[in-house]
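my_file39.cif follows (mmCIF, C-alpha atoms and all ligand atoms):
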data_my_file
loop_
_atom_site.label_atom_id
_atom_site.label_comp_id
_atom_site.auth_asym_id
_atom_site.auth_seq_id
_atom_site.Cartn_x
_atom_site.Cartn_y
_atom_site.Cartn_z
CA ASP G 1 74.46 120.51 93.51
CA ASN G 2 71.03 118.87 93.15
CA ASP G 3 71.22 115.70 91.15
CA ASP G 4 67.91 113.88 91.60
CA SER G 5 68.63 111.07 89.19
CA VAL G 6 67.62 107.79 90.76
CA GLU G 7 70.45 105.30 90.75
CA GLN G 8 69.73 101.90 89.37
CA ALA G 9 71.24 98.66 90.59
CA VAL G 10 71.30 99.79 94.20
CA SER G 11 69.34 97.30 96.24
CA MET G 12 70.73 98.25 99.61
CA THR G 13 68.51 98.82 102.57
CA LYS G 14 69.56 101.42 105.10
CA PRO G 15 71.78 99.67 107.62
CA GLU G 16 70.83 99.62 111.26
CA ALA G 17 72.55 102.27 113.31
CA GLU G 18 74.65 99.88 115.32
CA ALA G 19 77.81 101.90 115.11
CA ALA G 20 79.99 99.39 116.92
CA GLU G 21 79.10 96.61 114.51
CA GLN G 22 79.15 98.76 111.47
CA PRO G 23 82.24 98.80 109.28
CA MET G 24 83.97 102.18 109.09
CA ILE G 25 84.38 101.74 105.34
CA ARG G 26 82.38 99.52 103.02
CA PHE G 27 82.82 99.14 99.27
CA ASP G 28 79.67 97.55 97.91
CA GLN G 29 79.93 96.33 94.31
CA VAL G 30 82.03 99.35 93.37
CA VAL G 31 82.78 99.79 89.69
CA LYS G 32 85.38 102.26 88.43
CA ARG G 33 86.20 102.74 84.76
CA PHE G 34 88.55 105.08 82.96
CA GLY G 35 87.07 105.18 79.48
CA LYS G 36 86.70 101.55 78.45
CA HIS G 37 89.28 100.38 80.96
CA VAL G 38 87.55 98.73 83.93
CA VAL G 39 89.85 99.33 86.90
CA LEU G 40 87.52 98.05 89.67
CA ASP G 41 84.91 95.49 88.70
CA HIS G 42 82.22 95.16 91.40
CA LEU G 43 84.69 95.41 94.26
CA ASP G 44 83.49 94.46 97.77
CA PHE G 45 85.44 94.93 100.97
CA THR G 46 85.02 96.38 104.45
CA VAL G 47 87.31 97.99 107.00
CA ALA G 48 86.30 97.86 110.66
CA ARG G 49 86.34 100.89 112.92
CA GLY G 50 89.90 101.39 114.19
CA GLU G 51 91.31 98.75 111.88
CA ARG G 52 94.56 99.28 109.93
CA VAL G 53 94.43 97.72 106.50
CA ALA G 54 97.35 97.63 104.07
CA LEU G 55 96.66 97.45 100.34
CA ILE G 56 99.51 95.81 98.47
CA GLY G 57 99.96 94.49 94.96
CA PRO G 58 101.58 95.31 91.64
CA SER G 59 101.57 98.79 90.19
CA GLY G 60 98.39 99.49 88.25
CA SER G 61 96.24 97.07 90.27
CA GLY G 62 93.85 99.81 91.47
CA LYS G 63 95.10 100.61 95.00
CA THR G 64 95.45 104.36 94.58
CA THR G 65 92.13 104.52 92.76
CA ILE G 66 90.45 103.11 95.89
CA LEU G 67 91.88 105.94 98.02
CA ARG G 68 90.97 108.56 95.40
CA LEU G 69 87.37 107.28 95.31
CA LEU G 70 87.19 107.58 99.10
CA MET G 71 88.46 111.17 98.89
CA THR G 72 85.85 111.77 96.15
CA LEU G 73 88.61 112.93 93.84
CA GLU G 74 87.03 110.53 91.32
CA PRO G 75 83.38 109.55 90.85
CA VAL G 76 82.29 105.88 91.00
CA ASN G 77 80.65 104.35 87.94
CA GLY G 78 78.60 101.86 89.93
CA GLY G 79 77.95 100.57 93.43
CA VAL G 80 78.09 102.48 96.70
CA ILE G 81 80.91 103.43 99.06
CA TRP G 82 79.84 103.73 102.72
CA VAL G 83 81.54 105.64 105.51
CA GLY G 84 79.96 104.29 108.69
CA ASP G 85 76.21 104.42 108.07
CA THR G 86 76.52 107.24 105.55
CA PRO G 87 76.73 106.48 101.85
CA LEU G 88 79.66 108.57 100.62
CA THR G 89 78.73 108.48 96.99
CA HIS G 90 74.95 108.62 97.41
CA GLN G 91 72.35 110.12 99.71
CA TYR G 92 68.83 109.28 100.72
CA ARG G 93 65.79 111.05 99.27
CA GLY G 94 63.11 109.41 101.37
CA THR G 95 64.08 105.76 101.10
CA THR G 96 65.71 106.02 97.67
CA LEU G 97 69.46 106.29 97.21
CA VAL G 98 70.39 108.96 94.67
CA LYS G 99 73.76 110.31 93.59
CA ALA G 100 75.24 112.51 96.32
CA SER G 101 75.23 116.27 96.00
CA ALA G 102 78.51 118.16 96.09
CA ARG G 103 77.59 119.37 99.56
CA HIS G 104 76.97 115.86 100.87
CA LEU G 105 80.32 114.75 99.41
CA ARG G 106 82.08 117.65 101.16
CA GLU G 107 80.48 116.74 104.49
CA VAL G 108 81.39 113.06 104.38
CA ARG G 109 84.84 113.79 102.99
CA SER G 110 85.62 116.02 105.96
CA ARG G 111 85.70 112.81 108.05
CA ILE G 112 88.63 111.53 105.99
CA GLY G 113 92.26 112.71 105.89
CA MET G 114 94.71 111.81 103.16
CA VAL G 115 98.47 111.97 102.87
CA PHE G 116 99.81 111.83 99.33
CA GLN G 117 103.03 110.59 97.79
CA HIS G 118 104.06 114.15 96.85
CA PHE G 119 103.12 115.97 100.10
CA ASN G 120 100.98 118.60 98.28
CA LEU G 121 101.63 121.34 100.85
CA PHE G 122 100.60 124.89 99.99
CA PRO G 123 103.98 126.39 98.95
CA ASN G 124 103.08 130.00 99.68
CA MET G 125 102.06 129.31 103.30
CA THR G 126 104.17 128.61 106.36
CA VAL G 127 104.05 125.22 108.03
CA ILE G 128 101.58 126.34 110.68
CA GLU G 129 99.38 128.09 108.09
CA ASN G 130 99.28 124.84 106.10
CA ILE G 131 98.06 122.98 109.17
CA THR G 132 95.51 125.56 110.38
CA GLU G 133 94.03 126.43 106.95
CA ALA G 134 91.27 123.79 106.94
CA PRO G 135 90.42 123.91 110.67
CA ILE G 136 89.92 127.69 110.42
CA HIS G 137 88.29 127.96 106.99
CA VAL G 138 86.37 124.69 106.73
CA ARG G 139 85.54 123.95 110.37
CA GLY G 140 85.34 127.55 111.57
CA GLU G 141 87.76 127.06 114.47
CA SER G 142 89.24 130.17 116.07
CA LYS G 143 92.74 131.03 114.93
CA GLU G 144 94.05 130.59 118.48
CA ALA G 145 92.52 127.14 118.96
CA ALA G 146 93.70 125.98 115.54
CA ARG G 147 97.25 127.22 116.18
CA ALA G 148 97.40 125.58 119.62
CA ARG G 149 96.32 122.25 118.15
CA ALA G 150 98.78 122.67 115.24
CA ARG G 151 101.64 123.16 117.70
CA GLU G 152 100.69 119.93 119.50
CA LEU G 153 100.66 118.10 116.19
CA LEU G 154 104.01 119.59 115.13
CA ASP G 155 105.45 118.44 118.41
CA MET G 156 104.08 114.96 117.77
CA VAL G 157 105.74 114.75 114.33
CA GLY G 158 109.02 116.15 115.72
CA LEU G 159 108.86 119.57 114.03
CA ALA G 160 108.00 121.92 116.90
CA ASP G 161 110.71 124.33 115.74
CA LYS G 162 109.47 124.57 112.13
CA ALA G 163 106.09 126.26 112.63
CA ASP G 164 107.07 129.42 110.77
CA ALA G 165 109.22 127.80 108.08
CA HIS G 166 108.12 127.62 104.46
CA PRO G 167 107.77 124.13 102.94
CA SER G 168 110.50 124.76 100.35
CA THR G 169 113.08 125.11 103.15
CA LEU G 170 112.28 121.64 104.56
CA SER G 171 113.54 118.21 103.54
CA GLY G 172 111.11 115.83 101.85
CA GLY G 173 110.79 113.86 105.07
CA GLN G 174 109.97 117.01 107.05
CA GLN G 175 107.44 118.12 104.43
CA GLN G 176 105.77 114.73 104.63
CA ARG G 177 105.58 114.98 108.42
CA VAL G 178 103.90 118.39 108.03
CA ALA G 179 101.44 116.78 105.60
CA ILE G 180 100.66 114.12 108.22
CA ALA G 181 100.08 116.82 110.87
CA ARG G 182 97.85 118.70 108.42
CA ALA G 183 95.74 115.60 107.75
CA LEU G 184 95.30 114.99 111.50
CA ALA G 185 94.37 118.61 112.24
CA MET G 186 90.82 117.95 111.04
CA ASP G 187 90.47 115.03 113.49
CA PRO G 188 89.56 112.58 110.75
CA GLU G 189 87.98 109.23 111.56
CA ILE G 190 89.86 107.71 108.64
CA LEU G 191 93.43 108.33 107.50
CA LEU G 192 94.39 107.34 103.96
CA LEU G 193 98.09 106.95 103.22
CA ASP G 194 99.12 106.73 99.57
CA GLU G 195 102.72 105.60 99.11
CA VAL G 196 103.81 108.26 101.57
CA THR G 197 107.50 107.33 101.47
CA SER G 198 108.03 106.54 97.80
CA ALA G 199 109.12 110.09 96.86
CA LEU G 200 111.63 110.27 99.73
CA ASP G 201 115.37 109.69 99.79
CA PRO G 202 116.05 106.41 101.60
CA GLU G 203 117.58 108.08 104.66
CA LEU G 204 114.37 110.07 105.26
CA VAL G 205 111.96 107.14 105.10
CA ALA G 206 112.52 105.88 108.64
CA ASP G 207 111.49 109.18 110.30
CA VAL G 208 108.21 109.33 108.42
CA LEU G 209 107.39 105.68 109.09
CA GLY G 210 108.33 106.18 112.75
CA VAL G 211 105.82 109.02 113.08
CA LEU G 212 103.12 106.89 111.46
CA ARG G 213 103.90 103.95 113.75
CA ASP G 214 103.50 106.30 116.75
CA ILE G 215 100.16 107.57 115.45
CA ALA G 216 98.98 104.01 114.85
CA ALA G 217 99.99 103.04 118.39
CA SER G 218 98.57 106.10 120.15
CA THR G 219 95.23 106.66 118.36
CA ASP G 220 92.30 104.52 117.25
CA ILE G 221 92.04 106.17 113.86
CA THR G 222 91.05 103.83 111.02
CA MET G 223 93.84 103.57 108.45
CA LEU G 224 93.95 102.46 104.84
CA ILE G 225 97.55 102.22 103.75
CA VAL G 226 98.84 101.79 100.20
CA THR G 227 102.51 100.92 100.51
CA HIS G 228 105.46 99.12 99.03
CA GLU G 229 107.15 99.18 102.46
CA MET G 230 106.41 95.60 103.48
CA GLY G 231 108.15 96.04 106.86
CA PHE G 232 105.83 98.94 107.65
CA ALA G 233 102.75 97.00 106.51
CA ARG G 234 103.81 94.08 108.69
CA ASP G 235 104.25 96.34 111.75
CA VAL G 236 101.18 98.51 111.46
CA ALA G 237 98.51 96.57 109.60
CA ASP G 238 95.93 94.32 111.23
CA ARG G 239 95.04 92.93 107.83
CA VAL G 240 96.59 92.92 104.37
CA LEU G 241 94.60 92.93 101.13
CA VAL G 242 96.52 91.78 98.08
CA PHE G 243 95.30 93.36 94.84
CA ASP G 244 95.84 92.26 91.31
CA GLU G 245 94.05 93.79 88.34
CA GLY G 246 91.43 95.49 90.50
CA ARG G 247 90.54 92.36 92.48
CA ILE G 248 91.43 91.19 95.97
CA ILE G 249 93.25 87.94 95.25
CA GLU G 250 94.19 87.16 98.85
CA GLU G 251 93.76 88.65 102.31
CA GLY G 252 94.88 87.85 105.80
CA THR G 253 97.01 88.93 108.73
CA PRO G 254 100.45 90.33 107.82
CA GLU G 255 101.99 87.24 109.40
CA ARG G 256 99.95 84.94 107.15
CA ILE G 257 100.36 86.95 103.94
CA PHE G 258 104.09 87.60 104.29
CA SER G 259 105.10 84.23 105.73
CA HIS G 260 102.64 81.89 104.04
CA PRO G 261 101.20 83.49 100.89
CA GLU G 262 98.86 81.01 99.24
CA ARG G 263 98.38 82.42 95.77
CA GLU G 264 101.10 82.18 93.18
CA ARG G 265 100.49 85.80 92.16
CA THR G 266 101.05 86.93 95.75
CA GLN G 267 104.22 84.87 96.01
CA ALA G 268 105.56 86.39 92.79
CA PHE G 269 104.71 89.92 93.91
CA LEU G 270 106.35 89.50 97.32
CA LYS G 271 109.42 87.94 95.76
CA ALA G 272 109.77 91.02 93.57
CA VAL G 273 109.42 93.60 96.38
CA LEU G 274 110.99 91.94 99.41
P1 LIG T 301 98.01 101.27 91.76
O1 LIG T 301 97.78 102.30 92.80
O2 LIG T 301 97.70 99.89 92.22
O3 LIG T 301 99.35 101.38 91.11
P2 LIG T 301 96.10 102.81 90.24
O4 LIG T 301 94.88 102.82 91.05
O5 LIG T 301 96.98 104.00 90.25
O6 LIG T 301 96.95 101.51 90.58
O7 LIG T 301 95.72 102.53 88.71
C1 LIG T 301 94.88 101.47 88.33
C2 LIG T 301 94.66 101.54 86.83
O8 LIG T 301 93.87 102.69 86.53
C3 LIG T 301 95.93 101.66 86.01
O9 LIG T 301 95.78 100.87 84.85
C4 LIG T 301 95.98 103.12 85.66
O10 LIG T 301 96.65 103.32 84.45
C5 LIG T 301 94.51 103.48 85.55
N1 LIG T 301 94.26 104.90 85.89
C6 LIG T 301 94.42 105.45 87.12
N2 LIG T 301 94.10 106.76 87.10
C7 LIG T 301 93.72 107.03 85.82
C8 LIG T 301 93.25 108.22 85.15
N3 LIG T 301 93.09 109.37 85.81
N4 LIG T 301 92.95 108.11 83.83
C9 LIG T 301 93.09 106.94 83.18
N5 LIG T 301 93.51 105.80 83.75
C10 LIG T 301 93.83 105.84 85.05
#

Give the structure from the file, written as structure tokens.
Amino acid sequence: DNDDSVEQAVSMTKPEAEAAEQPMIRFDQVVKRFGKHVVLDHLDFTVARGERVALIGPSGSGKTTILRLLMTLEPVNGGVIWVGDTPLTHQYRGTTLVKASARHLREVRSRIGMVFQHFNLFPNMTVIENITEAPIHVRGESKEAARARARELLDMVGLADKADAHPSTLSGGQQQRVAIARALAMDPEILLLDEVTSALDPELVADVLGVLRDIAASTDITMLIVTHEMGFARDVADRVLVFDEGRIIEEGTPERIFSHPERERTQAFLKAVL
């Protein structure tokens, strides 16, 4: 829990606490390797508070890795990831940035919710127990308050009647809507969506995307969306980042990227998926 090793190659000064100006997410020269394979090579990008950013690009280009780094499911090999004015991957000792302790990681991570491709619900718990688990056990909410909030969220995702069901009795689309409610139950500032419809039968996709469109329209939560659903990206995203081999090769509004892609690699990718 106490790693005092001083990080090299971090020349950042502590940003001013001007929350409004400050990006919600900032990747600063982030390096990620798996063995010798460099997946992200000094990646820089920012996401503004309340912004919805879609990450698109060919399979294997590093999109999911970016979400997994933000959830601290993987360590970075270089650079710093910031969440607001807090370095996610590092923490200050005096004025020096050192690798973050497990406790610091847990604290920053609690500001982020993630929905995965394969739902990842707890199979032995009911729907409402899935949703209230973290609010009760991580945030220390009362059972009553957590259950009341869970019922609101279930209503929002159209599953008010499924509170006491077990996940195995639900369709994939219903399970994914429970997973969305569970992610929102912790009131995250950031919602990460990782290919949330790619494990679903085609007829169930529309319901899940509809719920996410509603959430995008009715909240100011910052969203980072990895998707192959270009229609969804076009509707929901303020900005699209096109990845190829761990680099951002093009970025712009959905209108610009989908109607007037400039790079040949982007054109080829869109031709293949649209
Ligand atoms: P995308 O989401 O764009 O499909 P990923 O982020 O999943 O891409 O993967 C980027 C690259 O990192 C791929 O080459 C993949 O094989 C590799 N990779 C991802 N996770 C691991 C892992 N746990 N171990 C080894 N290689 C990995």

What is the atom CA of G:Ile112 to atom CA of G:Asp201 distance in Å?
27.5 Å

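Taking all atoms listed in the file into account, ligand LIG 301 (chain T) has within 6 Å the residues Phe34, Val39, Ser59, Gly60, Ser61, Gly62, Lys63, Thr64 and Thr65 of chain G.
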
Which polymer residues have any atom within 10 Å of an atom of G:Gly252, counting all atoms listed in the file, with same-chain residues fewer than 5 positions away left out, as an MDAnalysis selection string?
chainID G and resid 53 238:242 257:258 260:261

Point-to-point distance from atom CA of G:Thr126 to atom CA of G:Val108, Å rounded to tenths:
27.7 Å

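Of the listed residues (G:Leu121, G:Ala148, G:Val138, G:Ile128), G:Leu121 comes nearest to G:Pro167; the distances count all atoms listed in the file.
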
Taking into account all atoms listed in the file, which residue in the set G:Ala199, G:Leu43, G:Ala268, G:Ala185 is nearest to G:Ser171?
G:Ala199

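Interatomic distance, atom CA of G:Asp161 to atom CA of G:Gln174: 11.4 Å.
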
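With distances restricted to only C-alpha atoms, G:Arg177 is the closest residue to G:Ala160 from G:Arg49, G:Arg177, G:His37, G:Arg265.
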
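Closest approach to G:Glu229 among G:Leu55, G:Val31, G:Met24, G:Ala134 is made by G:Leu55 (distances from all atoms listed in the file).
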
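For G:Leu193, the non-local neighbours within 8 Å, defined as residues at least 4 positions apart in the same chain or in other chains and counting all atoms listed in the file, are Met114, Val115, Phe116, Met223, Leu224, Ile225, Val226 and Thr227 of chain G.
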
If you count only C-alpha atoms, which residues fall within 7 Å of stretch 73-86 of chain G, apart from same-chain ones fewer than 6 positions away, as a ChimeraX atom specification?
/G:10,15,17,22-33
